[in-house]
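Remarks on the structure that follows.
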Amino acid sequence: MRRKTGLHLLLLALIVLGIGATSVGAQEKISIVHYFSDVLGKEAIGKIFTAFNETHPGYEAVDNSAGHEDFKTQILVTIAGDNPPDVFSYWAGARTQFVVDAGRLMSLADFWEENDLDAIIPEGVKAAAIYNDDIYLIPMNAHLTGFWYNTKVMADAGITKMPETWDEFKEACVTLKEAGVHPISLGSMNRWPAQYWFDYTVSYTAGAEYRQKLMAGEAKYTDPEVVTAMEAWKELTDLGCFAPDSNAYDWTEAADMVANGTAAMNLMGTWISGYLNGLGLEPGVDYDFFPFPVINPDVPRVTHGTVDGWVVPENAKNPEGAKALLLHFVSKESQELWAVGQGALAASTAVDPGIYSPVMAKAAEHLASVMFLGGYDLSTTPPMAEGGLDMFAMFMNDPSGYQEYLEIAQEVADDVFGG
Amino acid sequence: MTRSRHIWAFLFLLLPVTFYLVVVIYPLFSSFYFSFTDWNGFSQDYSFVGLDNYKKMQTDRLFRNAIENTVIWTVAAIVLPTAGGLVLALALHERGILSRLFKSLFYLPICLSLVVVGQVWIWIYQPDFGLINVVLRGVGLDNWTRAWLAKPDTALQAVIAAWTWQQTGLAMVIFLAGLTAVPRELTEASQIDGANYWQSVRHVIVPLLRPASIVVIALAVINSLKSFDILYMMTRGGPFHSSDNLAMMVYNESFQKYRMGYGSTVAVVLFMITLVVITIYFRQQRGLEQLYD
């Protein structure tokens with residue numbers, strides 16, 4: 001009996017000590033879900049989380065990542081099931097607008113003001129954080145799109161000055177074809193890489209204002225403006241500028257074609273820079289960047305791209321921890337780590353410009369000189385984006401049917417926007 | 001049964017029944033419910049739209065396309081693995097040690113997950129270094145090479161071929177089990193009466209394989225109606241919906257376009273079709289049981 005009592009006391013003591021130990025070492029967990037699941041992104045974000053955990057002993061950032069497509073489903077399910085993470089990454093634009101309109105995100109206007117983010121986030125990037133006149137997203141980086149080319153292939157074909165106008169661009173395509181390389185690689189297996197062709201041909205023929213109307217359902221896909229844009233795109237397919245079977249390759253395979261010299265250039269976002277560096281190419285030496293050429297000199301230039309950011313769900317369990325993490329994300333150290341690791345342009349102007357490679361510096365300079373607009377699938381509603389992305393893939397399969405594809409896209413638009 | 005045994009039986013059933021109610025029955029009724037709404041899957045607010053989603057389906061080009069593809073997929077899923085499995089079973093039935101090796105080899109694909117099967121076939125179909133195009137180029141048929149999964153006229157057929165490759169082994173095993181129940185004296189008697197091998201297969205073996213055939217066909221239909229993973233892996237229903245089936249459309253509408261209400265409507269249609277098929281299957285099974293009783 002005495003032995004039993006002794007055992008009970010020992011157990012009780014262990015439990016009390018255990019609870020004590022747990023409470024002494026207790027850390028508030030901050031659950032994060034993000035889509036930076038590629039090798040470069042995962043490594044860079046991992047370092048940022050490690051630094052946060054080291055400098056914030058009261059918190060533990062719990063990192064969960066998923067591939068882009070899986071993430072879109074996963075985040076929807078967790079939010080709809082009222083079991084959201086404390087912070088999640090999201091694409092600025094129509095997707096964030098959709099979640100804001102559903103009343104599922106927390107306003108971060110106070111956080112923005114308290115930490116004076118106006119001092120480090122430029123106006124153009126801040127625009128991507130504002131929805132319904134409130135701030136819901138903290139930008140992490142900006143990516144712009146343009147042409148990434150193999151310098152040796154261009155030089156071998158005798159192209160030393162990169163094309164600035166549409167005629168020069170078509171001429172360069174013909175020269176490259178004659179030199180025996182595919183002028184342009186496009187990996188539209190997952191459809192979205194083709195969207196930038198539509199973005200630029202519309203924005204550079206009909207103008208940014210018209211494009212915004214089209215994205216909002218205030219203009220029609222069958223309008224002469226869109227037909228003109230598609231015809232500009234078709235001029236290139238008619239010239240045989242694209243490597244065949246674009247829909248059979250993903251964007252990395254298309255980037256590989258540029259890297260190995262079977263294709264000369266690729267219209268892609270700045271994230272391709274990180275990928276090309278990973279293949280061992282030296283920026284400015286093996287590959288370089290030039291912006292989309294002007295089609296109509298009367299239409300102002302823009303750049304299309306993406307702003308990745310962080311949002312906090314309305315019913316996050318640890319909003320204070322989430323905000324501490326957000327502040328860490330926009331710190332100079334994290335922004336520099338991220339820009340270098342991911343191959344992105346930092347959202348913060350506090351970063352040392354010297355961190356950028358010569359090619360990324362060129363892209364940053366271009367970004368500063370033109371208006372920034374989101375890419376197609378981030379500028380229109382998700383159901384419309386699906387219809388549009390289908391249209392681009394159909395076009396790359398058989399460009400001759402473009403007018404029929406535009407009519408199909410307009411049918412989708414009528415359904416989505418109630419035309 | 002005593003009262004205490006009833007209580008124990010109830011207690012043991014409580015957990016699985018609760019699980020079944022939560023995981024199967026509740027989502028099923030939720031789908032019916034949401035099919036009458038315009039819920040986007042995110043918002044806490046939604047409106048009832050009556051039969052609007054069902055009316056919309058009648059004019060929806062993508063729904064018509066998904067129905068057509070589901071029919072093509074289901075017919076192919078019945079005919080190809082069943083015929084292939086039967087031929088293999090007849091070829092390998094009672095053929096000695098080597099046949100055991102072949103049986104294992106042909107059955108092996110069914111042990112692989114559909115995601116793995118999908119990835120293997122993506123490599124086989126790869127336009128530059130994929131096995132099919134390399135072989136075609138090797139025998140001088142360069143004109144026949146193509147991006148199999150990227151062309152709308154070949155994508156669905158390419159996925160069906162991968163599916164058939166996996167499912168044939170399952171049909172083969174069921175037919176092999178069925179063949180063991182075919183009395184040898186019947187085939188011998190038919191041959192004594194002058195029937196050649198094919199006549200004996202046609203008039204003796206195949207009719208006696210009816211129970212196995214029903215199982216094979218029912219499994220093929222049910223598996224094909226719910227097939228999603230291999231399509232998601234290989235084409236995601238593309239290019240531009242050319243390989244969409246109803247299950248893929250449910251996913252696209254609900255999670256890509258954020259139209260959970262309409263996605264639920266398509267899910268309800270898929271459920272109804274599956275219900276009809278399962279009912280036919282159970283009727284056939286009952287008929288067989290009565291026959292054998």
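We label chains A, B, ... in the order they appear in the structure tokens, count residues from 1 in each chain, and number ligands from 1 in the order shown.
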Quick one: which residues from chain A are at most 7 Å off chain B, using only C-alpha atoms, as a JSON list (two decimals) with N, CA, C and O atoms, in the first residue's frame?
```
[["chain", "number", "residue", "atom", "x", "y", "z"],
["A", 73, "THR", "N", -6.62, 24.57, -54.22],
["A", 73, "THR", "CA", -7.69, 23.75, -53.66],
["A", 73, "THR", "C", -7.59, 23.69, -52.14],
["A", 73, "THR", "O", -8.57, 23.86, -51.43],
["A", 76, "LEU", "N", -8.69, 26.78, -50.23],
["A", 76, "LEU", "CA", -10.15, 26.93, -50.31],
["A", 76, "LEU", "C", -10.83, 26.03, -49.29],
["A", 76, "LEU", "O", -11.73, 26.45, -48.56],
["A", 79, "ILE", "N", -10.18, 27.12, -45.59],
["A", 79, "ILE", "CA", -10.91, 28.34, -45.20],
["A", 79, "ILE", "C", -12.40, 28.05, -45.12],
["A", 79, "ILE", "O", -13.07, 28.44, -44.15],
["A", 80, "ALA", "N", -12.92, 27.34, -46.11],
["A", 80, "ALA", "CA", -14.36, 27.01, -46.09],
["A", 80, "ALA", "C", -14.69, 26.14, -44.87],
["A", 80, "ALA", "O", -15.78, 26.23, -44.32],
["A", 102, "ALA", "N", -15.48, 37.56, -50.03],
["A", 102, "ALA", "CA", -16.15, 36.49, -49.27],
["A", 102, "ALA", "C", -16.09, 36.77, -47.76],
["A", 102, "ALA", "O", -16.59, 35.98, -46.97],
["A", 103, "GLY", "N", -15.45, 37.89, -47.38],
["A", 103, "GLY", "CA", -15.37, 38.26, -45.96],
["A", 103, "GLY", "C", -14.47, 37.35, -45.16],
["A", 103, "GLY", "O", -14.66, 37.16, -43.95],
["A", 245, "ASP", "N", 4.44, 22.55, -80.72],
["A", 245, "ASP", "CA", 3.80, 21.84, -79.61],
["A", 245, "ASP", "C", 3.98, 22.52, -78.26],
["A", 245, "ASP", "O", 4.33, 21.88, -77.25],
["A", 247, "ASN", "N", 1.85, 23.37, -76.14],
["A", 247, "ASN", "CA", 0.99, 22.81, -75.08],
["A", 247, "ASN", "C", 1.53, 21.50, -74.50],
["A", 247, "ASN", "O", 0.95, 20.97, -73.56],
["A", 248, "ALA", "N", 2.62, 20.98, -75.09],
["A", 248, "ALA", "CA", 3.18, 19.72, -74.57],
["A", 248, "ALA", "C", 4.25, 19.96, -73.51],
["A", 248, "ALA", "O", 4.72, 19.02, -72.88],
["A", 382, "PRO", "N", -11.89, 34.26, -61.31],
["A", 382, "PRO", "CA", -11.43, 32.90, -61.57],
["A", 382, "PRO", "C", -12.21, 32.15, -62.66],
["A", 382, "PRO", "O", -11.59, 31.53, -63.53],
["A", 383, "PRO", "N", -13.56, 32.19, -62.69],
["A", 383, "PRO", "CA", -14.23, 31.46, -63.78],
["A", 383, "PRO", "C", -13.92, 32.02, -65.16],
["A", 383, "PRO", "O", -13.80, 31.28, -66.12],
["A", 386, "GLU", "N", -10.41, 30.94, -66.22],
["A", 386, "GLU", "CA", -10.37, 29.57, -66.74],
["A", 386, "GLU", "C", -10.74, 29.55, -68.22],
["A", 386, "GLU", "O", -10.09, 28.88, -69.03],
["A", 390, "ASP", "N", -8.12, 28.72, -71.38],
["A", 390, "ASP", "CA", -8.45, 27.70, -72.40],
["A", 390, "ASP", "C", -8.26, 28.27, -73.80],
["A", 390, "ASP", "O", -7.73, 27.61, -74.69],
["A", 393, "ALA", "N", -4.64, 28.39, -74.86],
["A", 393, "ALA", "CA", -4.11, 27.06, -75.20],
["A", 393, "ALA", "C", -4.67, 26.60, -76.55],
["A", 393, "ALA", "O", -3.95, 26.01, -77.36],
["A", 394, "MET", "N", -5.95, 26.91, -76.79],
["A", 394, "MET", "CA", -6.56, 26.56, -78.08],
["A", 394, "MET", "C", -5.83, 27.29, -79.20],
["A", 394, "MET", "O", -5.55, 26.72, -80.25]]
```
Write out as a PDB file with N, CA and C atoms, in the first residue's frame each polymer residue whose atoms come within 9 Å of Asp288 in chain A, counting only C-alpha atoms; drop sequence neighbours fewer than 2 positions from it.
```
ATOM      1  N   PHE A 147      11.158  39.405 -72.012  1.00  0.00           N
ATOM      2  CA  PHE A 147      11.850  38.350 -72.761  1.00  0.00           C
ATOM      3  C   PHE A 147      13.188  38.021 -72.126  1.00  0.00           C
ATOM      4  N   TRP A 148      13.415  36.743 -71.929  1.00  0.00           N
ATOM      5  CA  TRP A 148      14.656  36.217 -71.377  1.00  0.00           C
ATOM      6  C   TRP A 148      15.319  35.456 -72.508  1.00  0.00           C
ATOM      7  N   TYR A 149      16.507  35.881 -72.869  1.00  0.00           N
ATOM      8  CA  TYR A 149      17.101  35.297 -74.070  1.00  0.00           C
ATOM      9  C   TYR A 149      18.495  34.751 -73.820  1.00  0.00           C
ATOM     10  N   ASN A 150      18.858  33.808 -74.692  1.00  0.00           N
ATOM     11  CA  ASN A 150      20.180  33.197 -74.645  1.00  0.00           C
ATOM     12  C   ASN A 150      21.122  34.112 -75.435  1.00  0.00           C
ATOM     13  N   THR A 151      22.076  34.708 -74.759  1.00  0.00           N
ATOM     14  CA  THR A 151      22.924  35.728 -75.391  1.00  0.00           C
ATOM     15  C   THR A 151      23.757  35.143 -76.545  1.00  0.00           C
ATOM     16  N   PRO A 283      23.920  35.210 -65.089  1.00  0.00           N
ATOM     17  CA  PRO A 283      23.114  36.337 -65.564  1.00  0.00           C
ATOM     18  C   PRO A 283      23.973  37.424 -66.193  1.00  0.00           C
ATOM     19  N   GLY A 284      23.518  37.927 -67.324  1.00  0.00           N
ATOM     20  CA  GLY A 284      24.270  38.985 -68.009  1.00  0.00           C
ATOM     21  C   GLY A 284      25.334  38.439 -68.947  1.00  0.00           C
ATOM     22  N   VAL A 285      25.707  37.182 -68.727  1.00  0.00           N
ATOM     23  CA  VAL A 285      26.716  36.565 -69.589  1.00  0.00           C
ATOM     24  C   VAL A 285      26.046  35.517 -70.485  1.00  0.00           C
ATOM     25  N   ASP A 286      25.362  34.570 -69.836  1.00  0.00           N
ATOM     26  CA  ASP A 286      24.706  33.499 -70.608  1.00  0.00           C
ATOM     27  C   ASP A 286      23.269  33.859 -71.003  1.00  0.00           C
ATOM     28  N   PHE A 290      15.036  41.592 -72.093  1.00  0.00           N
ATOM     29  CA  PHE A 290      14.569  42.836 -72.725  1.00  0.00           C
ATOM     30  C   PHE A 290      13.045  42.890 -72.644  1.00  0.00           C
ATOM     31  N   PRO A 358      22.982  41.774 -62.677  1.00  0.00           N
ATOM     32  CA  PRO A 358      22.818  42.828 -63.687  1.00  0.00           C
ATOM     33  C   PRO A 358      21.499  42.681 -64.452  1.00  0.00           C
ATOM     34  N   VAL A 359      21.085  41.441 -64.670  1.00  0.00           N
ATOM     35  CA  VAL A 359      19.843  41.206 -65.436  1.00  0.00           C
ATOM     36  C   VAL A 359      18.627  41.612 -64.608  1.00  0.00           C
ATOM     37  N   MET A 360      18.621  41.228 -63.338  1.00  0.00           N
ATOM     38  CA  MET A 360      17.489  41.587 -62.477  1.00  0.00           C
ATOM     39  C   MET A 360      17.463  43.101 -62.249  1.00  0.00           C
ATOM     40  N   LYS A 362      18.269  45.254 -64.429  1.00  0.00           N
ATOM     41  CA  LYS A 362      17.668  45.785 -65.653  1.00  0.00           C
ATOM     42  C   LYS A 362      16.145  45.651 -65.576  1.00  0.00           C
TER      43      LYS A 362
END
```
Determine, counting only C-alpha atoms, which protein, DNA and RNA residues have an atom within 8 Å of an atom of range 221-227 of chain B; residues of the same chain fewer than 4 positions away are not included. Present the result as a PyMOL selection string. chain B and resi 70+73-74+77-78+217+231+246-247+270+274+277-278
So that I have them on file, write out the residues from the current selection with C-alpha atoms, as a compact mmCIF listing (two decimals), in the first residue's frame.
```txt
# COMPACT_ATOMS: atom_id res chain seq x y z
CA THR B 70 -17.56 10.05 -69.80
CA TRP B 73 -14.30 6.60 -71.32
CA THR B 74 -16.84 4.18 -69.81
CA ALA B 77 -13.13 1.02 -69.93
CA ILE B 78 -15.63 -1.82 -70.36
CA ILE B 217 -17.83 -5.11 -66.14
CA LEU B 231 -6.83 12.29 -65.68
CA LEU B 246 -17.75 14.43 -65.19
CA ALA B 247 -15.49 13.92 -62.15
CA LEU B 270 -22.61 11.84 -61.69
CA THR B 274 -23.50 5.78 -60.85
CA VAL B 277 -25.27 1.48 -62.95
CA ILE B 278 -24.99 0.03 -59.45
```
Close residues, range 308-325 of chain A itself excluded, 9 Å, only C-alpha atoms, min 5 positions apart in chain, as an mmCIF file with C-alpha atoms, in the first residue's frame:
```
data_model
loop_
_atom_site.group_PDB
_atom_site.id
_atom_site.type_symbol
_atom_site.label_atom_id
_atom_site.label_comp_id
_atom_site.auth_asym_id
_atom_site.auth_seq_id
_atom_site.Cartn_x
_atom_site.Cartn_y
_atom_site.Cartn_z
ATOM 1 C CA GLU A 28 2.856 30.079 -29.609
ATOM 2 C CA LYS A 29 2.595 28.346 -32.923
ATOM 3 C CA ILE A 30 1.968 30.323 -36.087
ATOM 4 C CA SER A 31 0.722 28.102 -38.864
ATOM 5 C CA ILE A 32 1.660 29.159 -42.366
ATOM 6 C CA HIS A 34 2.306 28.863 -48.855
ATOM 7 C CA PHE A 49 11.349 31.049 -40.994
ATOM 8 C CA PHE A 52 12.146 34.312 -37.346
ATOM 9 C CA HIS A 56 11.233 35.453 -31.769
ATOM 10 C CA TYR A 59 6.764 31.985 -31.399
ATOM 11 C CA GLU A 60 7.239 28.967 -33.601
ATOM 12 C CA ALA A 61 6.525 29.396 -37.303
ATOM 13 C CA ILE A 79 -10.913 28.343 -45.201
ATOM 14 C CA ASP A 82 -13.200 27.230 -40.779
ATOM 15 C CA ASN A 83 -9.798 25.763 -40.088
ATOM 16 C CA PRO A 84 -7.524 28.354 -41.686
ATOM 17 C CA PRO A 85 -3.808 28.838 -41.103
ATOM 18 C CA ASP A 86 -2.672 32.024 -39.354
ATOM 19 C CA VAL A 87 -0.985 33.331 -42.483
ATOM 20 C CA PHE A 88 -1.027 32.217 -46.084
ATOM 21 C CA SER A 89 0.642 33.358 -49.262
ATOM 22 C CA TYR A 90 -1.602 34.587 -52.019
ATOM 23 C CA TRP A 91 -1.509 36.138 -55.448
ATOM 24 C CA ALA A 92 -2.447 39.797 -55.418
ATOM 25 C CA THR A 96 -7.292 38.051 -53.274
ATOM 26 C CA GLY A 103 -15.369 38.255 -45.959
ATOM 27 C CA ARG A 104 -12.607 35.778 -45.132
ATOM 28 C CA LEU A 105 -9.599 38.090 -44.703
ATOM 29 C CA MET A 106 -8.520 40.375 -41.905
ATOM 30 C CA SER A 107 -7.907 44.044 -42.651
ATOM 31 C CA LEU A 108 -4.231 44.918 -42.277
ATOM 32 C CA PHE A 111 -0.716 47.026 -39.240
ATOM 33 C CA ALA A 128 -1.701 45.345 -55.154
ATOM 34 C CA ALA A 129 -2.426 45.361 -51.398
ATOM 35 C CA TYR A 136 -5.594 43.083 -46.910
ATOM 36 C CA LEU A 137 -2.277 41.894 -48.312
ATOM 37 C CA ILE A 138 1.345 42.478 -47.361
ATOM 38 C CA PRO A 139 3.461 42.306 -50.521
ATOM 39 C CA MET A 140 6.484 40.014 -50.435
ATOM 40 C CA ASN A 141 7.827 40.492 -53.919
ATOM 41 C CA ALA A 142 6.990 41.651 -57.422
ATOM 42 C CA HIS A 143 7.630 39.741 -60.609
ATOM 43 C CA VAL A 330 9.052 42.895 -44.862
ATOM 44 C CA ALA A 347 8.567 44.488 -52.483
#
```
With DSSP run on the backbone, what are the helix (DSSP H, G or I) residues within range 33-158 of chain A? I'd like them as an NGL selection string. :A and (39-55 or 68-80 or 94-101 or 109-114 or 117-119 or 123-129 or 151-156)
Identify, on the basis of only C-alpha atoms, every residue whose closest approach to range 210-213 of chain B does not exceed 7 Å; exclude the query and any residue fewer than 2 positions from it along the same chain; express the result as a PyMOL selection string. chain B and resi 174-175+178+206-208+215-217
Restricting the output to all heavy atoms, write the selected residues as a CSV table (one decimal), in the first residue's frame.
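Generated file (selection21.csv):
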```csv
chain,number,residue,atom,x,y,z
B,174,ILE,N,-9.6,-11.8,-62.5
B,174,ILE,CA,-10.9,-12.3,-62.2
B,174,ILE,C,-11.4,-13.4,-63.2
B,174,ILE,O,-12.0,-14.4,-62.8
B,174,ILE,CB,-11.9,-11.1,-62.2
B,174,ILE,CG1,-11.5,-10.1,-61.1
B,174,ILE,CG2,-13.3,-11.5,-62.0
B,174,ILE,CD1,-12.2,-8.7,-61.2
B,175,PHE,N,-11.0,-13.2,-64.4
B,175,PHE,CA,-11.3,-14.2,-65.4
B,175,PHE,C,-10.6,-15.5,-65.1
B,175,PHE,O,-11.1,-16.6,-65.3
B,175,PHE,CB,-11.0,-13.8,-66.8
B,175,PHE,CG,-12.1,-12.9,-67.4
B,175,PHE,CD1,-11.7,-11.6,-67.9
B,175,PHE,CD2,-13.4,-13.2,-67.4
B,175,PHE,CE1,-12.7,-10.8,-68.4
B,175,PHE,CE2,-14.4,-12.4,-67.9
B,175,PHE,CZ,-14.1,-11.2,-68.4
B,178,GLY,N,-12.4,-17.2,-62.6
B,178,GLY,CA,-13.6,-17.8,-63.2
B,178,GLY,C,-13.4,-19.0,-63.9
B,178,GLY,O,-14.1,-20.0,-63.9
B,206,VAL,N,-17.1,-19.0,-72.5
B,206,VAL,CA,-17.6,-17.6,-72.2
B,206,VAL,C,-19.0,-17.6,-71.5
B,206,VAL,O,-19.1,-16.8,-70.5
B,206,VAL,CB,-17.6,-16.8,-73.6
B,206,VAL,CG1,-18.4,-15.5,-73.4
B,206,VAL,CG2,-16.2,-16.5,-74.0
B,207,PRO,N,-19.9,-18.4,-71.9
B,207,PRO,CA,-21.2,-18.4,-71.1
B,207,PRO,C,-21.0,-18.8,-69.7
B,207,PRO,O,-21.7,-18.2,-68.8
B,207,PRO,CB,-22.0,-19.5,-71.8
B,207,PRO,CG,-21.5,-19.6,-73.2
B,207,PRO,CD,-20.0,-19.3,-73.1
B,208,LEU,N,-20.0,-19.7,-69.4
B,208,LEU,CA,-19.8,-20.1,-68.0
B,208,LEU,C,-19.0,-19.0,-67.2
B,208,LEU,O,-19.0,-19.1,-66.0
B,208,LEU,CB,-19.1,-21.4,-67.9
B,208,LEU,CG,-19.9,-22.6,-68.3
B,208,LEU,CD1,-19.1,-23.9,-68.5
B,208,LEU,CD2,-21.0,-22.9,-67.3
B,215,VAL,N,-18.8,-9.2,-62.7
B,215,VAL,CA,-17.9,-8.5,-61.7
B,215,VAL,C,-17.0,-7.6,-62.5
B,215,VAL,O,-16.8,-6.4,-62.1
B,215,VAL,CB,-17.2,-9.6,-60.9
B,215,VAL,CG1,-16.1,-8.9,-60.0
B,215,VAL,CG2,-18.1,-10.4,-60.1
B,216,VAL,N,-16.3,-8.1,-63.5
B,216,VAL,CA,-15.3,-7.3,-64.3
B,216,VAL,C,-16.0,-6.1,-64.9
B,216,VAL,O,-15.5,-5.0,-64.7
B,216,VAL,CB,-14.7,-8.2,-65.4
B,216,VAL,CG1,-13.9,-7.3,-66.4
B,216,VAL,CG2,-13.8,-9.3,-64.9
B,217,ILE,N,-17.2,-6.3,-65.5
B,217,ILE,CA,-17.8,-5.1,-66.1
B,217,ILE,C,-18.3,-4.1,-65.1
B,217,ILE,O,-18.1,-2.9,-65.3
B,217,ILE,CB,-19.0,-5.6,-67.0
B,217,ILE,CG1,-18.4,-6.3,-68.2
B,217,ILE,CG2,-19.9,-4.4,-67.5
B,217,ILE,CD1,-19.4,-7.1,-69.1
```
With a distance cut-off of 10 Å and only C-alpha atoms, select the neighbouring residues of Leu281 in chain A, excluding the residue or stretch itself and same-chain residues fewer than 5 positions from it, and output the selection as a PyMOL selection string. chain A and resi 150+259-260+273-276+286-287
Just to be explicit: take each residue in the selection above, keep all heavy atoms, and write the result as an mmCIF file, in the first residue's frame.
```
data_model
loop_
_atom_site.group_PDB
_atom_site.id
_atom_site.type_symbol
_atom_site.label_atom_id
_atom_site.label_comp_id
_atom_site.auth_asym_id
_atom_site.auth_seq_id
_atom_site.Cartn_x
_atom_site.Cartn_y
_atom_site.Cartn_z
ATOM 1 N N ASN A 150 18.858 33.808 -74.692
ATOM 2 C CA ASN A 150 20.180 33.197 -74.645
ATOM 3 C C ASN A 150 21.122 34.112 -75.435
ATOM 4 O O ASN A 150 20.949 34.291 -76.647
ATOM 5 C CB ASN A 150 20.093 31.791 -75.275
ATOM 6 C CG ASN A 150 21.402 31.053 -75.213
ATOM 7 O OD1 ASN A 150 22.457 31.617 -75.503
ATOM 8 N ND2 ASN A 150 21.344 29.781 -74.843
ATOM 9 N N ALA A 259 17.895 27.758 -72.296
ATOM 10 C CA ALA A 259 19.174 27.480 -71.627
ATOM 11 C C ALA A 259 20.093 26.636 -72.507
ATOM 12 O O ALA A 259 21.288 26.901 -72.578
ATOM 13 C CB ALA A 259 18.911 26.772 -70.300
ATOM 14 N N ASN A 260 19.495 25.630 -73.195
ATOM 15 C CA ASN A 260 20.372 24.766 -74.003
ATOM 16 C C ASN A 260 20.534 25.237 -75.443
ATOM 17 O O ASN A 260 21.157 24.562 -76.262
ATOM 18 C CB ASN A 260 19.910 23.297 -73.932
ATOM 19 C CG ASN A 260 18.528 23.092 -74.539
ATOM 20 O OD1 ASN A 260 18.139 23.796 -75.476
ATOM 21 N ND2 ASN A 260 17.782 22.126 -74.027
ATOM 22 N N SER A 273 14.585 33.801 -63.783
ATOM 23 C CA SER A 273 15.983 34.120 -63.505
ATOM 24 C C SER A 273 16.559 33.151 -62.465
ATOM 25 O O SER A 273 17.666 32.623 -62.635
ATOM 26 C CB SER A 273 16.072 35.567 -63.027
ATOM 27 O OG SER A 273 17.298 35.816 -62.458
ATOM 28 N N GLY A 274 15.785 32.925 -61.400
ATOM 29 C CA GLY A 274 16.231 31.978 -60.367
ATOM 30 C C GLY A 274 16.418 30.590 -60.961
ATOM 31 O O GLY A 274 17.370 29.880 -60.637
ATOM 32 N N TYR A 275 15.498 30.210 -61.872
ATOM 33 C CA TYR A 275 15.572 28.878 -62.486
ATOM 34 C C TYR A 275 16.822 28.760 -63.356
ATOM 35 O O TYR A 275 17.547 27.767 -63.289
ATOM 36 C CB TYR A 275 14.309 28.625 -63.316
ATOM 37 C CG TYR A 275 14.296 27.266 -63.963
ATOM 38 C CD1 TYR A 275 14.036 26.125 -63.211
ATOM 39 C CD2 TYR A 275 14.585 27.113 -65.319
ATOM 40 C CE1 TYR A 275 14.053 24.860 -63.801
ATOM 41 C CE2 TYR A 275 14.606 25.865 -65.915
ATOM 42 C CZ TYR A 275 14.339 24.749 -65.154
ATOM 43 O OH TYR A 275 14.356 23.504 -65.725
ATOM 44 N N LEU A 276 17.074 29.801 -64.169
ATOM 45 C CA LEU A 276 18.241 29.755 -65.066
ATOM 46 C C LEU A 276 19.541 29.767 -64.260
ATOM 47 O O LEU A 276 20.494 29.066 -64.597
ATOM 48 C CB LEU A 276 18.200 30.932 -66.048
ATOM 49 C CG LEU A 276 17.036 30.914 -67.055
ATOM 50 C CD1 LEU A 276 17.019 32.184 -67.890
ATOM 51 C CD2 LEU A 276 17.109 29.698 -67.973
ATOM 52 N N ASP A 286 25.362 34.570 -69.836
ATOM 53 C CA ASP A 286 24.706 33.499 -70.608
ATOM 54 C C ASP A 286 23.269 33.859 -71.003
ATOM 55 O O ASP A 286 22.750 33.340 -71.982
ATOM 56 C CB ASP A 286 24.668 32.209 -69.773
ATOM 57 C CG ASP A 286 26.059 31.710 -69.454
ATOM 58 O OD1 ASP A 286 26.910 31.757 -70.367
ATOM 59 O OD2 ASP A 286 26.310 31.311 -68.302
ATOM 60 N N TYR A 287 22.625 34.673 -70.196
ATOM 61 C CA TYR A 287 21.256 35.072 -70.552
ATOM 62 C C TYR A 287 21.038 36.532 -70.157
ATOM 63 O O TYR A 287 21.766 37.081 -69.318
ATOM 64 C CB TYR A 287 20.214 34.175 -69.875
ATOM 65 C CG TYR A 287 20.046 34.373 -68.391
ATOM 66 C CD1 TYR A 287 19.092 35.258 -67.891
ATOM 67 C CD2 TYR A 287 20.836 33.687 -67.482
ATOM 68 C CE1 TYR A 287 18.937 35.449 -66.524
ATOM 69 C CE2 TYR A 287 20.682 33.859 -66.117
ATOM 70 C CZ TYR A 287 19.729 34.741 -65.641
ATOM 71 O OH TYR A 287 19.570 34.945 -64.302
#
```
To one decimal place, how far is CA of Val174 in chain A from CA of Trp144 in chain B in Å?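 We find that CA of Val174 in chain A and CA of Trp144 in chain B lie 27.8 Å from each other.
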